[in-house]
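What follows is a short report on a single structure.
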Amino acid sequence: ISADAIHYNFGEPASANDLKDFVSPLPDGRGLPAGSGTIAHGKQIYEEKCASCHGQKLEGGLGDRLIGGRGTLVNDDPKKAPIKTVESYWPYATTLFDYIKRAMPFYSPGSLTNDEVYSLAGYILSQGNIIKNNDPITSENLAKILMPNRDGFIPDHRPEHFKPADKNPQLR
Amino acid sequence: ISADAIHYNFGEPASANDLKDFVSPLPDGRGLPAGSGTIAHGKQIYEEKCASCHGQKLEGGLGDRLIGGRGTLVNDDPKKAPIKTVESYWPYATTLFDYIKRAMPFYSPGSLTNDEVYSLAGYILSQGNIIKNNDPITSENLAKILMPNRDGFIPDHRPEHFKPADKNPQLR
Amino acid sequence: GVAGMALAQTTPPSPENKAPAGAVWRPVPEDATKTQGVAIGEDGGYGTRSQFETEVRWRFTTKTPFSSWSMTPLEHGVGIITPSGLHFERDHGGIATIDPATHKLFVHGMVKQPKKFSMSDVKRFPSISRIHFIECSGNGLTEWSKPTLKTVQGTHGLVSTSEWTGVPLSIILNEVGVRTGAKWLLVEGGDASVMTRSIPLEKAMKDCFLAYGQNGEAIRPEQGYPLRLIVPGYEGNTHIKWVRRIELADMPFMTREETSKYTDLLPNGKAVQFSMIMEAKSVITRPSGEMVLPGRGFYEITGMAWSGRGRIKRVDVSTDGGRTWKPAQLQDPILPVCQTRFRYPWVWNGKEAILQSRCVDETGYVQPTLGQLIDIRGLNGPIGSVYHLNAIQSWKVDTEGRVSNVHYY
Amino acid sequence: GVAGMALAQTTPPSPENKAPAGAVWRPVPEDATKTQGVAIGEDGGYGTRSQFETEVRWRFTTKTPFSSWSMTPLEHGVGIITPSGLHFERDHGGIATIDPATHKLFVHGMVKQPKKFSMSDVKRFPSISRIHFIECSGNGLTEWSKPTLKTVQGTHGLVSTSEWTGVPLSIILNEVGVRTGAKWLLVEGGDASVMTRSIPLEKAMKDCFLAYGQNGEAIRPEQGYPLRLIVPGYEGNTHIKWVRRIELADMPFMTREETSKYTDLLPNGKAVQFSMIMEAKSVITRPSGEMVLPGRGFYEITGMAWSGRGRIKRVDVSTDGGRTWKPAQLQDPILPVCQTRFRYPWVWNGKEAILQSRCVDETGYVQPTLGQLIDIRGLNGPIGSVYHLNAIQSWKVDTEGRVSNVHYY
Ligand SMILES: [Ca+2]
Ligand SMILES: [Ca+2]
Ligand SMILES: [Ca+2]
Ligand SMILES: [Ca+2]
Ligand SMILES: [Ca+2]
Ligand SMILES: [Ca+2]
Ligand SMILES: [Co+2]
Ligand SMILES: [Co+2]
C-alpha cells in the first residue's frame with residue numbers, strides 16, 4: 001500500500017470545540033492560552049495547593065525541589081550531586097506553564113485555571129530570581145522570559161567514539 | 001555445541017526400583033507386566049467399575065462404546081458414521097491392556113492391579129467375540145491375540161497430489 | 001496537608017462488578033487525566049489484561065470437561081504470538097497440577113544408562129528457543145461435510161503459536177546414550193490420562209525439544225507445566241504435556257492415541273497411521289464468521305498461514321470464491337513451522353463476496369480446496385477421516401455485511 | 001452410579017493458601033496420574049501461570065507509587081519475548097483505566113484536516129506487527145558510580161520485548177495531511193501526568209506506529225491500553241502511553257520530559273537533549289547477581305543483547321573480566337531493534353571469575369566498558385548523566401559460587 005496515495009476516510013473532522021481544552025504551548029509562546037496572573041496570587045495558590053509537597057520554600061519534599069541550584073551544573077565530582085531545578089536547569093518558561101497546567105497539583109491534575117497557572121509560574125520564577133519585578137505574567141510575556149539555562153543544552157552527537165578499553169581491567 | 005561429544009553428567013542413574021511401576025507394553029508383548037486374569041473376573045470388575053460410563057452392554061455412554069461396529073469401516077456415505085471400537089478398529093490387544101492400566105477407571109486412573117487389567121481386557125475382547133474361549137488372559141498370550149483390524153492401517157503417503165480445483169466453484 | 005486522592009468514578013467497585021476472566025476490575029474515571037491512576041505494584045507484580053477485553057478460549061462441548069478442548073479466539077488475534085492465557089488446549093484427564101520441585105523425568109529402555117532428571121537438571125542443559133505453532137490434527141473436524149461452527153474460533157481455533165524454550169531432546173538422549181537398534185521413543189505425560197505417543201527416533205534427534213519456557217516464562221499448567229515435548233510440525237497430540245518419562249524401543253508402542261485415535265479412516269476401510277505432519281494451512285481471521293461489516297469501504301483482510309514442513313512461501317486471497325486470486329502481504333519474520341500473519345487490502349463494494357485464503361509452503365505444497373481434499377480422503381461419515389482438515393476456508397459476506405461460514409469450492 | 005472424583009490432596013484449599021500474583025491456587029495431588037486434574041474451562045477461558053512460578057516485577061522505591069517504575073525479572077526470563085504481565089513499566093501518574101469505547105485520538109496542528117478517531121477507526125486502518133524492545137533510558141541509572149542494586153532485575157530490568165501490532169503513524173498523518181513546514185509532533189497521553197514528548201516528523205513517518213496489540217491481544221493497561229506509540233529504537237519515554245492527541249508543529253514543544261528530565265548532564269554543565277537512540281547493550285542474565293552456582297561444572301551463560309540502531313551482529317562473552325573474549329551463539333531470528341538471546345557454554349572450574357558480555361550491532365558500534373563510557377560522559381554526581389548507561393556489566397563469581405554485581409574495567 002502506498003501510504004501517500006490512499007485516504008481511508010476513517011474518523012471524523014475535529015472541530016475547534018473538540019480541540020479547545022488542549023494546551024501545549026511552543027517554546028516561543030504560540031499555543032499559550034489567553035490569560036494572566038500575578039506573583040501574589042501565585043504565592044497564595046502555592047501555599048494552599050503546592051507547598052505540602054514542594055515545600056514552603058520550594059525546597060522539595062514528595063515533589064521536586066523547584067528553585068536554587070544555580071552554579072551546581074558544572075561538576076565532575078561523583079560525590080557531589082548537581083541540583084537541577086526549574087531555576088537552574090529548565091530552558092523555557094513555557095514548559096513551566098505547560099507542566100503545571102497538565103499535571104499539578106499531583107492529586108488533582110488539570111484542575112487549575114489558566115490564570116492560576118500563570119500566577120503559579122510567575123511565583124516560582126520570582127522565587128527563583130528569574131522574574132525580578134511584580135508585573136503580571138501573561139500569555140504575551142511568559143515566553144520572553146530568558147531562563148538561566150537557556151543555552152545549557154546541546155544536540156546528540158552519538159554514536160560516541162570511545163578510547164580503547166583499559167588493557168588491565170580491575171575491580172573498581 | 002556438538003551434541004554427540006558432550007556428557008554433562010546431570011541427573012542421577014535410574015534404578016530398577018525407580019522404573020518398576022512404569023507400564024508400557026510393545027505390540028509384540030514385550031513390556032507386559034507379569035500377571036493373568038479371567039473373563040469372569042473381568043465381567044465382575046467391569047460391572048462394578050466401568051459399566052456406569054461404558055454401558056452394561058459395552059455400548060458406551062459417558063465413555064466410548066467398546067464393542068461392535070465390525071463391517072462399518074468401509075463406507076463413503078457422509079451420512080453414515082463408521083463405528084470404531086476396540087473390537088472393530090483397534091489393531092493390538094496390548095493397547096487395551098496398556099490403556100486400561102494407565103487411564104481407567106476415569107476418576108481413579110492407575111488404581112487397578114495388573115491381574116485386574118488382564119481380566120478386564122479379556123472380558124472386553126470376549127464380549128467383542130475376539131476371544132472365543134474362557135482361558136485365562138496372561139502376559140504370555142495377550143499379544144498373540146489377532147485383532148480383527150490388525151491390517152487396517154496404512155502408512156502416511158502425504159503430501160497428497162491433488163486433482164486441479166473445480167474451475168466453477170459454487171456454494172455447497 | 002497532602003491533598004487526598006479524588007477518584008472520579010463511573011462504576012464503583014462492588015461484588016457485582018466482577019471483571020471478566022483474565023482481568024481485575026478497576027474503577028473507570030470519567031477523565032483519566034484528572035485523577036491518579038492505579039499505583040504501580042498494586043497488581044502484586046504480575047499484570048492482567050484490561051477489564052474491557054473479553055475474548056476467551058471456548059470449550060467445545062464434549063461428554064466430560066476433563067477430556068475436552070478449548071479453542072483460541074483467532075478472530076481477536078493480532079500478530080503471530082498467541083497470548084499465553086489463550087493458547088488452545090486439548091486435555092484428556094484435566095489439567096495436572098505438578099510441583100516442579102519434586103517432578104522427575106525418567107529416560108530408559110534401549111539406552112546405555114537409564115537416568116532420572118529433576119527440573120533443575122533439565123534446565124541446566126544447553127537450551128534453545130523456537131517460535132512454533134502447535135495444531136491439534138483434529139482442528140476443524142466438525143467442518144468436513146457441512147459448515148458447522150460459526151466463528152473462526154470454532155472452525156480453526158485448535159492452533160496457537162508461542163516462543164518455546166527448552167533442551168534439545170538430542171542432548172538428553174546423548175546423555176543416556178542410545179543403544180543400537182533403537183528406533184522409536186515412547187513419551188509419557190504425568191496427567192490423569194498418562195498420555196503416551198510414539199515418536200520416531202530420527203525426528204527426536206532432528207529437532208524435538210523438551211520445553212519449560214513459553215513466551216518468556218514457565219509454560220502454562222494447561223500447556224504441560226513444568227515440561228512438555230515440542231515436535232516441530234507434527235500433530236499436536238505428539239507434543240506430550242507434563243512429560244515424566246521417555247522409553248526407547250525398536251518399534252512403535254501402538255498406544256491408544258495412535259491407534260484408536262489420531263488415525264485417518266478412508267472410505268476403503270483402511271486408516272492412515274502416524275500421519276504426523278501438519279500440512280500447510282491458512283485461514284482469514286478477519287473478517288470471519290459472525291462478524292458484521294459496517295458498510296462499504298476499506299477493510300484489511302487478515303489471517304494466518306502455517307505449515308509443518310517449513311516456512312510459508314506465499315498466501316493468496318480471493319474475494320470471489322476462488323475464481324481469482326491476488327497475493328497477500330506476509331508479515332516478517334517468516335519462520336519455519338510458525339504461523340505467519342498475512343494482510344490484504346480490500347475495498348468492499350457492498351455486494352456478496354466469498355472470502356478465501358490459500359497458502360503455499362516452501363516445499364511448493366498448495367493448500368487444497370475442500371473439494372480437492374475430499375476427492376482424495378473421501379468422506380467416511382459426517383466427519384470423514386476426522387483429522388488433518390487443512391482445506392481452504394470460505395467466508396461469505398452478504399449484502400448486509402454479515403459474515404458466515406460456508407462451503408464454496 | 002458414576003464413581004466420585006477422588007482428589008488426593010497434600011494442601012487443602014483454604015483462605016491462607018493464596019496463590020502468588022498471576023496464579024490461581026490449585027490443590028496439589030500426591031500423584032497427578034491418579035486423579036483427574038482441573039477441568040477445562042474452570043479458568044473462565046483465560047489461563048494463568050502455575051502457582052509455583054513466583055517471579056514478579058519489582059517496584060523501585062520512589063517517593064510515590066504513582067510516579068515510579070517496576071522492573072522485569074530478567075534473571076528468570078527465557079527466549080526473547082517478555083511475558084506481558086512482566087513487561088517493565090514507568091508511569092508518572094499511575095496506570096490509567098480507559099474505556100476503549102469512548103477513547104478518542106485527536107490529530108491536529110499543522111495538518112490539512114484535523115481529525116478525531118475512535119478505536120474502531122484506528123483498528124480499521126492497515127496494520128503492521130513488529131517484535132521490538134522498549135527500554136527506559138534510565139535503565140541502570142543507579143549503577144554509574146558504584147555497583148548498587150544486586151540483581152539483574154535491578155541493574156537492567158527496565159527493558160522488555162513484545163510483539164506490537166498497530167497502525168503506522170505515516171498512515172494516520174497522511175489521513176490528516178501534513179502541512180508544509182511541519183517538523184515535529186507532540187504526542188500526548190491520557191493519563192494523570194498527561195505525558196508529552198516531541199517526536200521528529202521524519203522519525204514518525206519512517207517507522208513509528210500506534211500499537212493496540214501486544215503479544216496477540218490488546219496492550220496491557222500499564223502499557224498504555226488502549227493505544228500506545230512505538231518509536232522503534234528510541235528511549236522508552238517517547239513511547240507515549242494512553243495516546244489521546246497528536247499535534248504537528250514546526251519546532252519541538254520543549255515539554256517537561258525532554259528538558260527537566262531525559263537530558264544527559266555532562267561535567268561541563270551542558271546537557272544533551274533529544275538523545276533518542278538506545279545504543280547497543282547486552283547483559284548476562286544467568287548467572288547473575290544473587291545467584292549461587294551449585295558447584296563446578298557446566299553452566300550455560302545466557303543473556304540478551306539489543307540495539308536501537310538495528311540488529312545485533314555479535315555478542316562476545318568473557319569470564320576473566322574482559323581480558324579475553326569468545327563469541328556467543330545468537331538465537332534466531334535476529335531482528336532489528338529487538339532483544340536477541342545469546343548463549344555461551346561454560347565449564348566453571350571453581351575459581352573466581354568475572355563474567356561479562358559485550359555486543360556489537362549492525363552499524364559496527366561496540367558496547368563500551370563503564371570506563372570507556374565515563375571517559376566521555378564524565379560523572380557529574382553519583383548518577384552521572386543519569387540516562388543511557390549501556391556499558392558492559394560485570395558479575396563476579398566467587399569460590400563459593402556466589403554471584404554479585406561488581407564494577408570491573
Ligand atoms: Ca467515521
Ligand atoms: Ca488537562
Ligand atoms: Ca545430579
Ligand atoms: Ca500409573
Ligand atoms: Ca479485543
Ligand atoms: Ca521460574
Ligand atoms: Co495425524
Ligand atoms: Co535520551
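The chains in the C-alpha cells are called A, B, ... from first to last as shown; in each chain the residues are counted from 1, and the ligands are counted from 1 in the order shown.
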Pick out the residues sitting within 12 Å of Arg179 of chain D, and hand them over as a compact mmCIF listing (two decimals) with C-alpha atoms, in the first residue's frame; count only C-alpha atoms, and ignore anything fewer than 5 positions along from it in its own chain.
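In the end it all went to part_14.txt:
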```txt
# COMPACT_ATOMS: atom_id res chain seq x y z
CA HIS D 108 -4.34 18.43 14.68
CA GLY D 109 -1.96 21.36 14.44
CA MET D 110 -0.10 21.86 11.16
CA VAL D 111 -2.39 19.48 9.30
CA LYS D 112 -4.77 19.95 6.42
CA GLN D 113 -7.75 18.46 8.21
CA PRO D 114 -7.76 17.98 11.99
CA LEU D 173 -0.55 11.51 9.25
CA ASN D 174 -1.36 11.05 5.58
CA TRP D 184 7.79 17.84 14.92
CA LEU D 201 8.33 14.16 11.89
CA GLU D 247 -0.20 17.90 17.34
CA LEU D 248 2.07 18.89 14.46
CA ALA D 249 4.30 21.94 14.67
CA ASP D 250 7.43 23.45 13.16
```
Fewer than 5 positions away in the same chain doesn't count, so skip those; otherwise give me all residues within 10 Å of Asp375 of chain D, counting only C-alpha atoms, as a PyMOL selection string.
-> (chain A and resi 162-163) or (chain D and resi 369-370)
Output N, CA and C atoms for every residue in that selection, as an mmCIF file, in the first residue's frame.
```cif
data_model
loop_
_atom_site.group_PDB
_atom_site.id
_atom_site.type_symbol
_atom_site.label_atom_id
_atom_site.label_comp_id
_atom_site.auth_asym_id
_atom_site.auth_seq_id
_atom_site.Cartn_x
_atom_site.Cartn_y
_atom_site.Cartn_z
ATOM 1 N N PHE A 162 34.744 5.784 21.368
ATOM 2 C CA PHE A 162 35.407 5.589 22.655
ATOM 3 C C PHE A 162 36.900 5.383 22.485
ATOM 4 N N LYS A 163 37.623 5.793 23.519
ATOM 5 C CA LYS A 163 39.033 5.408 23.600
ATOM 6 C C LYS A 163 39.079 3.902 23.833
ATOM 7 N N THR D 369 33.003 -0.417 27.773
ATOM 8 C CA THR D 369 33.112 -0.673 29.199
ATOM 9 C C THR D 369 32.619 0.571 29.928
ATOM 10 N N LEU D 370 32.363 0.434 31.217
ATOM 11 C CA LEU D 370 31.940 1.590 32.006
ATOM 12 C C LEU D 370 33.041 2.648 32.010
#
```
Quick one: of D:Ile134, D:Ile246, D:Ile392, D:Ala32, who's nearest to ligand 4, counting only C-alpha atoms and all ligand atoms?
->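 With only C-alpha atoms and all ligand atoms as the atom set, the closest residue is D:Ala32.
Atom pair atom CA of Pro126 of chain C / atom CA of Phe52 of chain D: separated by 22.9 Å.
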Surrounding residues of Glu175 of chain C excluding itself and chain neighbours under 2 positions, 10 Å, only C-alpha atoms, as a VMD selection string = (chain B and resid 3 to 11) or (chain C and resid 107 111 to 115 169 to 173 177 to 178)
Within 6 Å of Tyr123 of chain B, counting only C-alpha atoms, which residues qualify if same-chain residues fewer than 3 places away don't, as JSON, numbers by chain?
-> {"B": [39, 42, 43, 120, 126]}
Protein and nucleic residues near ligand 7, 12 Å, only C-alpha atoms and all ligand atoms, as a ChimeraX atom specification = /B:154-158 /C:135-139,197,233-238,257-265,271-279,308,385-390
Using only C-alpha atoms and all ligand atoms, find each residue with an atom at most 9 Å away from ligand 6 and format the answer as an MDAnalysis selection string.
-> (chainID C and resid 213 217:218) or (chainID D and resid 52:55 75:77)
Give me a file of those residues, with N, CA, C and O atoms, as a PDB file, in the first residue's frame.
```
ATOM      1  N   GLY C 213       9.806 -23.343  28.859  1.00  0.00           N
ATOM      2  CA  GLY C 213       9.527 -21.918  28.729  1.00  0.00           C
ATOM      3  C   GLY C 213       8.531 -21.637  27.624  1.00  0.00           C
ATOM      4  O   GLY C 213       8.532 -22.291  26.571  1.00  0.00           O
ATOM      5  N   GLU C 217       8.326 -17.068  30.065  1.00  0.00           N
ATOM      6  CA  GLU C 217       8.147 -17.529  31.435  1.00  0.00           C
ATOM      7  C   GLU C 217       7.888 -19.035  31.384  1.00  0.00           C
ATOM      8  O   GLU C 217       7.998 -19.641  30.322  1.00  0.00           O
ATOM      9  N   ALA C 218       7.588 -19.621  32.504  1.00  0.00           N
ATOM     10  CA  ALA C 218       7.334 -21.065  32.522  1.00  0.00           C
ATOM     11  C   ALA C 218       6.107 -21.392  31.676  1.00  0.00           C
ATOM     12  O   ALA C 218       5.161 -20.603  31.599  1.00  0.00           O
TER      13      ALA C 218
ATOM     14  N   PHE D  52       3.456 -22.243  41.199  1.00  0.00           N
ATOM     15  CA  PHE D  52       4.842 -22.452  41.601  1.00  0.00           C
ATOM     16  C   PHE D  52       5.789 -21.439  40.953  1.00  0.00           C
ATOM     17  O   PHE D  52       6.985 -21.460  41.198  1.00  0.00           O
ATOM     18  N   GLU D  53       5.269 -20.594  40.117  1.00  0.00           N
ATOM     19  CA  GLU D  53       6.079 -19.554  39.485  1.00  0.00           C
ATOM     20  C   GLU D  53       5.852 -18.249  40.216  1.00  0.00           C
ATOM     21  O   GLU D  53       4.700 -17.820  40.380  1.00  0.00           O
ATOM     22  N   THR D  54       6.901 -17.643  40.657  1.00  0.00           N
ATOM     23  CA  THR D  54       6.736 -16.516  41.565  1.00  0.00           C
ATOM     24  C   THR D  54       7.492 -15.254  41.155  1.00  0.00           C
ATOM     25  O   THR D  54       7.441 -14.262  41.872  1.00  0.00           O
ATOM     26  N   GLU D  55       8.190 -15.269  40.032  1.00  0.00           N
ATOM     27  CA  GLU D  55       8.924 -14.052  39.694  1.00  0.00           C
ATOM     28  C   GLU D  55       7.926 -12.942  39.373  1.00  0.00           C
ATOM     29  O   GLU D  55       6.890 -13.183  38.750  1.00  0.00           O
ATOM     30  N   GLU D  75      16.318 -12.239  35.238  1.00  0.00           N
ATOM     31  CA  GLU D  75      17.047 -13.450  35.613  1.00  0.00           C
ATOM     32  C   GLU D  75      16.238 -14.721  35.397  1.00  0.00           C
ATOM     33  O   GLU D  75      16.806 -15.801  35.285  1.00  0.00           O
ATOM     34  N   HIS D  76      14.931 -14.559  35.347  1.00  0.00           N
ATOM     35  CA  HIS D  76      14.056 -15.724  35.135  1.00  0.00           C
ATOM     36  C   HIS D  76      13.629 -15.868  33.681  1.00  0.00           C
ATOM     37  O   HIS D  76      13.021 -16.871  33.311  1.00  0.00           O
ATOM     38  N   GLY D  77      13.944 -14.884  32.876  1.00  0.00           N
ATOM     39  CA  GLY D  77      13.442 -14.903  31.507  1.00  0.00           C
ATOM     40  C   GLY D  77      14.130 -15.935  30.630  1.00  0.00           C
ATOM     41  O   GLY D  77      15.282 -16.300  30.834  1.00  0.00           O
TER      42      GLY D  77
END
```
